[in-house]
Amino acid sequence: MTDHLPLPPGRVTARRISKSFGGVPALAGVDLEPRPGRVLGLLGANGSGKSTLCRIIAGEMAPDGGELLLDGEAVRFATPKDGVRHGIVIAHQHPSLAPDLPVWENLFLGMERCGLGGFVSRAGSRRAAWHMLQAVGLDIDIDQPVERLSAAEQQLVEIARALSREPRLLILDEPTAALSAALVERLFAHVRALAASGTAIIFISHRLQEVEALCDDLVVLRNGHRVGSWELDGSLDEARVLDLLTGDSDVASRARDRKPQAAREVVLTLEGLAAGTALRGVDLDLHSGEILGLAGLQGQGQEQLLDAVAGFRRKDSGRIVHRGRALSPRRPRDMIRRGICLVPNDRHRQGLFMNETVGENLAAVSVAMQPQPWRLRRRALRDFVQRAIPRLLIKTRGPAQPVATLSGGNQQKVVIGKWLDGSVDVLLLSDPTKGVDLRARREIYDTIADLVAGGSAALVYASDIHELLHHCDRILVMFEGRIVEALSGSAMTEQRVIAASFGRVA
Ligand SMILES: Nc1ncnc2c1ncn2[C@@H]1O[C@H](COP(=O)(O)OP(=O)(O)OP(=O)(O)O)[C@@H](O)[C@H]1O
């Protein structure tokens, strides 16, 4: 038997699936019927059970109750490979790649038993790998180890691997969180073509525009229950979805539009900041009380800019001036001591201590910022942790829960929460709400707004333009390592941001 069979279109159905962790239900009798030839959008707040349901359908996790049916017949998957054999393939939210293996080998992981996925020679496999990556718009050196790739590139490798298996049911778990708009469009074209050939697709996303653009059917989960499902006819009733997602019809109307901020003193100035080929001379002023957005297509230098200011990357030239003092950071600690802190977007690599608890992670920054940690008042720290959990709506059993067992979005809230203890003067955020649901996204920005209201400032890069438009006071658009447009007030429109992202400035 091979691991990879050509499969006729067939129907996979999940019936009354239940699952608990440590006695806490994550899924309570959920049905899901992805239909061949259609894209089913699976929506739900962080921790509502989407990934758990999909992992059960793909055979990565056993349910406590319920059954999976394949063309009406009950099936049981003992391992993920059983799922793949039956044509059920999942592209994970956090790519499940082998970091030290070359890109091309990663594309065939799990398919070794049929001679690297049916390609007999190494040369044939490498050639096939190249084509698989081209198909998703990724033009990279396929011999480099996966760990050298950016988060977006790793995501595309994960997706390319899933697409290449010609699945009967393809599950895409937040595939677009790290991708630029152009790559999202390319992926969607692929997904539509796959659906047209009879494949069933489950698409998980927190971006309603994407669900509206791609999906034919919609299922909404809340706290492990299926609370709504309907066919989409090209448009999505946002109020209804928000109501179902949150159980709170008021969330949409509680959007906080940033009021224009009075001009205040400059906290941080960058003058001609340059580093390698990614940053080609950036000038900006960040003011006290301001949330300043960084927009642009992915990979235009936004992340390198934040890294350079935070001390993760050496500048080649230019000046970083913080409250009147020129700085030349050699390492992140130099900047943390001055209250300049980066919330990274790759929480698995930089943001969390995966072996520690929620409480330990939330307290980590406060501990590091104290000049004399041994004199820390334990009670103050405990209070900070107890406040941060409800403030950011972190879905956890409590501070003692290992952070590795939180859902992806809730982990991101912990990453952000640990910087919010008030000692931060310049908060740098790289795609802070990647993988975070709508309601928590709002909470995160509200928390940032509260923080800057005390006199500090925030510089935020987000891949989602709407997020920046909604929450920032001004937006700077980056293109090829430079800021090409600065927008504020009525000029802060989606059209202007998009035009400048492509180098077109009014
Ligand atoms: N291995 C695990 N051990 C303990 N609890 C878990 C484990 N996996 C998931 N959970 C819990 O099950 C619940 C559902 O998590 P799941 O990852 O399915 O949510 P999700 O809807 O995919 O969230 P997100 O949008 O944040 O990715 C969460 O409360 C999570 O903490």
# chains A, B, ... in the order shown; residues from 1 in each chain; ligands from 1
>>> closest_atom_pairs(of="chain A", to="ligand 1", cutoff="9 Å", atoms="only C-alpha atoms and all ligand atoms", output="tab-separated table")
residue	atom	partner	partner_atom_place_in_ligand_line	distance
A:Lys19	CA	ligand 1	12 (O)	8.4
A:Ser20	CA	ligand 1	12 (O)	7.3
A:Phe21	CA	ligand 1	4 (C)	4.8
A:Gly22	CA	ligand 1	4 (C)	6.7
A:Val24	CA	ligand 1	12 (O)	7.9
A:Pro25	CA	ligand 1	12 (O)	7.3
A:Ala26	CA	ligand 1	12 (O)	4.5
A:Leu27	CA	ligand 1	14 (C)	7.4
A:Leu43	CA	ligand 1	21 (O)	8.0
A:Gly44	CA	ligand 1	21 (O)	5.7
A:Ala45	CA	ligand 1	25 (O)	5.6
A:Asn46	CA	ligand 1	26 (O)	3.4
A:Gly47	CA	ligand 1	19 (O)	3.3
A:Ser48	CA	ligand 1	21 (O)	3.8
A:Gly49	CA	ligand 1	18 (O)	3.3
A:Lys50	CA	ligand 1	21 (O)	3.8
A:Ser51	CA	ligand 1	22 (O)	3.6
A:Thr52	CA	ligand 1	18 (O)	3.7
A:Leu53	CA	ligand 1	18 (O)	6.4
A:Cys54	CA	ligand 1	18 (O)	8.0
A:Arg55	CA	ligand 1	18 (O)	8.3
A:Gln93	CA	ligand 1	27 (O)	7.6
A:Asp173	CA	ligand 1	22 (O)	8.1
A:Glu174	CA	ligand 1	27 (O)	8.0
A:Ile204	CA	ligand 1	25 (O)	8.4
A:Ser205	CA	ligand 1	25 (O)	8.1
A:His206	CA	ligand 1	25 (O)	7.6
A:Leu221	CA	ligand 1	21 (O)	7.8
A:Arg222	CA	ligand 1	21 (O)	8.3
A:Asn223	CA	ligand 1	14 (C)	7.8
A:Gly224	CA	ligand 1	14 (C)	7.2
A:Lys395	CA	ligand 1	29 (O)	6.0
A:Thr396	CA	ligand 1	31 (O)	6.2
A:Arg397	CA	ligand 1	31 (O)	8.1
A:Gln401	CA	ligand 1	4 (C)	8.6
A:Pro402	CA	ligand 1	4 (C)	8.5
A:Val403	CA	ligand 1	31 (O)	8.7
A:Ala404	CA	ligand 1	1 (N)	7.8
A:Thr405	CA	ligand 1	3 (N)	4.4
A:Leu406	CA	ligand 1	31 (O)	3.8
A:Ser407	CA	ligand 1	17 (O)	3.8
A:Gly408	CA	ligand 1	26 (O)	4.1
A:Gly409	CA	ligand 1	26 (O)	3.4
A:Asn410	CA	ligand 1	26 (O)	5.4
A:Gln411	CA	ligand 1	26 (O)	7.6
A:Gln412	CA	ligand 1	26 (O)	8.4
A:Gly435	CA	ligand 1	25 (O)	6.2
A:Val436	CA	ligand 1	25 (O)	6.3
A:Asp437	CA	ligand 1	25 (O)	6.3
>>> write_last_selection(atoms="C-alpha atoms", output="PDB file, in the first residue's frame")
ATOM      1  CA  LYS A  19     -13.355  16.183  22.966  1.00  0.00           C
ATOM      2  CA  SER A  20     -12.208  17.367  26.403  1.00  0.00           C
ATOM      3  CA  PHE A  21      -8.812  18.353  27.750  1.00  0.00           C
ATOM      4  CA  GLY A  22      -8.225  17.947  31.479  1.00  0.00           C
ATOM      5  CA  VAL A  24     -12.673  20.899  30.114  1.00  0.00           C
ATOM      6  CA  PRO A  25     -14.765  20.374  26.969  1.00  0.00           C
ATOM      7  CA  ALA A  26     -13.208  21.742  23.781  1.00  0.00           C
ATOM      8  CA  LEU A  27     -15.867  20.242  21.473  1.00  0.00           C
ATOM      9  CA  LEU A  43     -15.249  30.544  11.969  1.00  0.00           C
ATOM     10  CA  GLY A  44     -14.903  30.793  15.712  1.00  0.00           C
ATOM     11  CA  ALA A  45     -13.190  32.845  18.383  1.00  0.00           C
ATOM     12  CA  ASN A  46      -9.813  31.763  19.718  1.00  0.00           C
ATOM     13  CA  GLY A  47     -10.193  28.536  21.651  1.00  0.00           C
ATOM     14  CA  SER A  48     -13.629  27.731  20.188  1.00  0.00           C
ATOM     15  CA  GLY A  49     -12.399  24.346  18.975  1.00  0.00           C
ATOM     16  CA  LYS A  50     -11.688  24.832  15.240  1.00  0.00           C
ATOM     17  CA  SER A  51      -8.187  23.356  15.193  1.00  0.00           C
ATOM     18  CA  THR A  52      -9.181  20.518  17.498  1.00  0.00           C
ATOM     19  CA  LEU A  53     -12.099  19.578  15.236  1.00  0.00           C
ATOM     20  CA  CYS A  54      -9.906  19.652  12.144  1.00  0.00           C
ATOM     21  CA  ARG A  55      -7.141  17.648  13.775  1.00  0.00           C
ATOM     22  CA  GLN A  93      -1.628  27.165  11.272  1.00  0.00           C
ATOM     23  CA  ASP A 173      -6.011  26.205   9.162  1.00  0.00           C
ATOM     24  CA  GLU A 174      -5.461  29.975   9.029  1.00  0.00           C
ATOM     25  CA  ILE A 204     -10.255  28.593   8.793  1.00  0.00           C
ATOM     26  CA  SER A 205      -9.666  32.326   9.013  1.00  0.00           C
ATOM     27  CA  HIS A 206     -10.348  35.247  11.301  1.00  0.00           C
ATOM     28  CA  LEU A 221     -18.305  27.514  16.464  1.00  0.00           C
ATOM     29  CA  ARG A 222     -18.555  29.048  19.891  1.00  0.00           C
ATOM     30  CA  ASN A 223     -17.079  27.398  22.982  1.00  0.00           C
ATOM     31  CA  GLY A 224     -17.032  23.992  21.333  1.00  0.00           C
ATOM     32  CA  LYS A 395      -9.006  31.492  27.473  1.00  0.00           C
ATOM     33  CA  THR A 396      -7.127  29.449  30.042  1.00  0.00           C
ATOM     34  CA  ARG A 397      -7.798  27.278  33.046  1.00  0.00           C
ATOM     35  CA  GLN A 401      -1.746  26.066  32.654  1.00  0.00           C
ATOM     36  CA  PRO A 402       1.231  25.273  30.388  1.00  0.00           C
ATOM     37  CA  VAL A 403       1.268  27.898  27.654  1.00  0.00           C
ATOM     38  CA  ALA A 404       1.926  25.210  25.020  1.00  0.00           C
ATOM     39  CA  THR A 405      -1.603  23.866  25.550  1.00  0.00           C
ATOM     40  CA  LEU A 406      -3.386  27.153  24.762  1.00  0.00           C
ATOM     41  CA  SER A 407      -4.932  27.662  21.341  1.00  0.00           C
ATOM     42  CA  GLY A 408      -2.820  29.641  18.849  1.00  0.00           C
ATOM     43  CA  GLY A 409      -4.664  32.920  19.290  1.00  0.00           C
ATOM     44  CA  ASN A 410      -4.606  32.696  23.050  1.00  0.00           C
ATOM     45  CA  GLN A 411      -0.843  32.168  22.944  1.00  0.00           C
ATOM     46  CA  GLN A 412      -0.570  35.418  20.975  1.00  0.00           C
ATOM     47  CA  GLY A 435      -4.267  34.435  14.492  1.00  0.00           C
ATOM     48  CA  VAL A 436      -6.333  36.408  16.983  1.00  0.00           C
ATOM     49  CA  ASP A 437     -10.118  36.533  16.729  1.00  0.00           C
TER      50      ASP A 437
END
>>> residues_around(residues="Trp104 (chain A)", least_positions_apart="6", cutoff="6 Å", atoms="only C-alpha atoms", output="VMD selection string")
chain A and resid 126 129 142
>>> write_last_selection(atoms="C-alpha atoms", output="PDB file, in the first residue's frame")
ATOM      1  CA  ARG A 126      13.790  18.344  -6.495  1.00  0.00           C
ATOM      2  CA  ALA A 129       9.430  20.428  -5.382  1.00  0.00           C
ATOM      3  CA  ILE A 142      14.946  24.715  -2.327  1.00  0.00           C
TER       4      ILE A 142
END
>>> closest_residue(among="A:Thr447, A:Ser490, A:Asn345, A:Asn355", to="Leu429 (chain A)", atoms="only C-alpha atoms")
A:Asn345
>>> residues_around(residues="region 321-336 of chain A", least_positions_apart="5", cutoff="6 Å", atoms="only C-alpha atoms", output="NGL selection string")
:A and (267-269 or 310-312 or 341)
>>> residues_around(residues="Glu33 (chain A)", least_positions_apart="3", cutoff="8 Å", atoms="only C-alpha atoms", output="NGL selection string")
:A and (11-14)
>>> select_by_dssp(residues="region 228-341 of chain A", states="strand (DSSP E)", output="PyMOL selection string")
chain A and resi 228-231+266-275+279-287+291-295+317-322+325-327+340-341
>>> residues_around(residues="Val84 (chain A)", least_positions_apart="3", cutoff="9 Å", atoms="only C-alpha atoms", output="PyMOL selection string")
chain A and resi 3-4+58-59+80-81+87-90+165+167
>>> write_last_selection(atoms="C-alpha atoms", output="compact mmCIF listing (two decimals), in the first residue's frame")
# COMPACT_ATOMS: atom_id res chain seq x y z
CA ASP A 3 0.73 6.59 1.25
CA HIS A 4 -0.65 8.45 -1.70
CA ALA A 58 -7.49 14.50 9.80
CA GLY A 59 -6.69 11.66 12.21
CA PRO A 80 -2.36 11.08 10.75
CA LYS A 81 -0.99 8.88 7.97
CA GLY A 87 -7.15 11.79 1.14
CA ILE A 88 -7.60 14.07 4.15
CA VAL A 89 -4.79 16.58 4.31
CA ILE A 90 -4.29 19.47 6.68
CA ARG A 165 -1.20 15.53 -2.20
CA PRO A 167 -6.59 15.59 -1.32
>>> residues_around(residues="His94 (chain A)", least_positions_apart="6", cutoff="10 Å", atoms="only C-alpha atoms", output="number ranges by chain")
A: 151, 154-155, 158, 173-175, 346, 348, 408
>>> residues_around(residues="region 293-296 of chain A", least_positions_apart="2", cutoff="6 Å", atoms="only C-alpha atoms", output="list of chain:residue names")
A:Leu459, A:Val460, A:Tyr461, A:Leu468, A:Cys472, A:Ile475, A:Leu476, A:Val477, A:Met478, A:Ser501
>>> write_last_selection(atoms="C-alpha atoms", output="compact mmCIF listing (two decimals), in the first residue's frame")
# COMPACT_ATOMS: atom_id res chain seq x y z
CA LEU A 459 4.69 51.52 16.27
CA VAL A 460 2.67 48.71 14.71
CA TYR A 461 3.20 46.68 11.57
CA LEU A 468 -4.31 49.69 10.74
CA CYS A 472 -3.90 53.82 14.20
CA ILE A 475 -0.11 55.24 8.75
CA LEU A 476 3.27 55.11 7.04
CA VAL A 477 3.46 52.98 3.93
CA MET A 478 6.71 51.18 3.15
CA SER A 501 1.95 49.82 -1.23
>>> select_by_dssp(residues="region 339-417 of chain A", states="helix (DSSP H, G or I)", output="mmCIF file with C-alpha atoms, in the first residue's frame")
data_model
loop_
_atom_site.group_PDB
_atom_site.id
_atom_site.type_symbol
_atom_site.label_atom_id
_atom_site.label_comp_id
_atom_site.auth_asym_id
_atom_site.auth_seq_id
_atom_site.Cartn_x
_atom_site.Cartn_y
_atom_site.Cartn_z
ATOM 1 C CA ARG A 347 5.703 33.713 18.980
ATOM 2 C CA HIS A 348 7.089 30.202 18.775
ATOM 3 C CA ARG A 349 10.617 31.375 18.107
ATOM 4 C CA GLN A 350 10.846 34.622 20.026
ATOM 5 C CA GLY A 351 7.751 35.312 22.003
ATOM 6 C CA VAL A 358 0.744 31.120 31.286
ATOM 7 C CA GLY A 359 1.589 32.987 34.501
ATOM 8 C CA GLU A 360 5.343 32.586 34.102
ATOM 9 C CA ASN A 361 5.168 33.837 30.536
ATOM 10 C CA LEU A 362 3.011 36.833 31.414
ATOM 11 C CA ALA A 363 5.384 37.805 34.225
ATOM 12 C CA ALA A 364 8.600 37.279 32.252
ATOM 13 C CA VAL A 365 9.019 40.852 31.009
ATOM 14 C CA SER A 366 8.249 42.464 34.348
ATOM 15 C CA VAL A 367 10.918 40.284 35.906
ATOM 16 C CA ALA A 368 13.481 41.098 33.193
ATOM 17 C CA MET A 369 12.853 44.842 33.464
ATOM 18 C CA PRO A 373 14.673 40.958 40.292
ATOM 19 C CA TRP A 374 15.281 39.315 43.669
ATOM 20 C CA ARG A 375 13.516 42.228 45.331
ATOM 21 C CA ARG A 378 5.687 38.631 44.254
ATOM 22 C CA ARG A 379 2.208 39.813 45.043
ATOM 23 C CA ALA A 380 2.422 42.670 42.505
ATOM 24 C CA LEU A 381 3.456 40.189 39.870
ATOM 25 C CA ARG A 382 0.658 37.811 40.767
ATOM 26 C CA ASP A 383 -1.830 40.680 40.591
ATOM 27 C CA PHE A 384 -0.501 41.717 37.194
ATOM 28 C CA VAL A 385 -0.990 38.183 35.865
ATOM 29 C CA GLN A 386 -4.483 37.925 37.360
ATOM 30 C CA ARG A 387 -5.435 41.233 35.718
ATOM 31 C CA ALA A 388 -3.897 40.437 32.320
ATOM 32 C CA ILE A 389 -5.858 37.203 31.828
ATOM 33 C CA PRO A 390 -9.375 38.699 31.856
ATOM 34 C CA ARG A 391 -8.199 41.983 30.302
ATOM 35 C CA VAL A 403 1.268 27.898 27.654
ATOM 36 C CA ALA A 404 1.926 25.210 25.020
ATOM 37 C CA THR A 405 -1.603 23.866 25.550
ATOM 38 C CA GLY A 408 -2.820 29.641 18.849
ATOM 39 C CA GLY A 409 -4.664 32.920 19.290
ATOM 40 C CA ASN A 410 -4.606 32.696 23.050
ATOM 41 C CA GLN A 411 -0.843 32.168 22.944
ATOM 42 C CA GLN A 412 -0.570 35.418 20.975
ATOM 43 C CA LYS A 413 -2.541 37.217 23.666
ATOM 44 C CA VAL A 414 -0.006 36.000 26.234
ATOM 45 C CA VAL A 415 2.848 37.303 24.049
ATOM 46 C CA ILE A 416 1.245 40.729 24.005
ATOM 47 C CA GLY A 417 0.010 40.663 27.576
#
>>> closest_residue(among="A:Val219, A:Leu297, A:Leu393, A:Ala177", to="Ala499 (chain A)", atoms="only C-alpha atoms")
A:Leu297
>>> atom_distance(atom1="CA of Leu451 (chain A)", atom2="CA of Ser288 (chain A)")
10.6 Å
>>> atom_distance(atom1="CA of Ser430 (chain A)", atom2="CA of Leu305 (chain A)")
10.1 Å
>>> closest_residue(among="A:Ser96, A:Ser463, A:Gln302, A:Ser18", to="Asp64 (chain A)", atoms="only C-alpha atoms")
A:Ser18
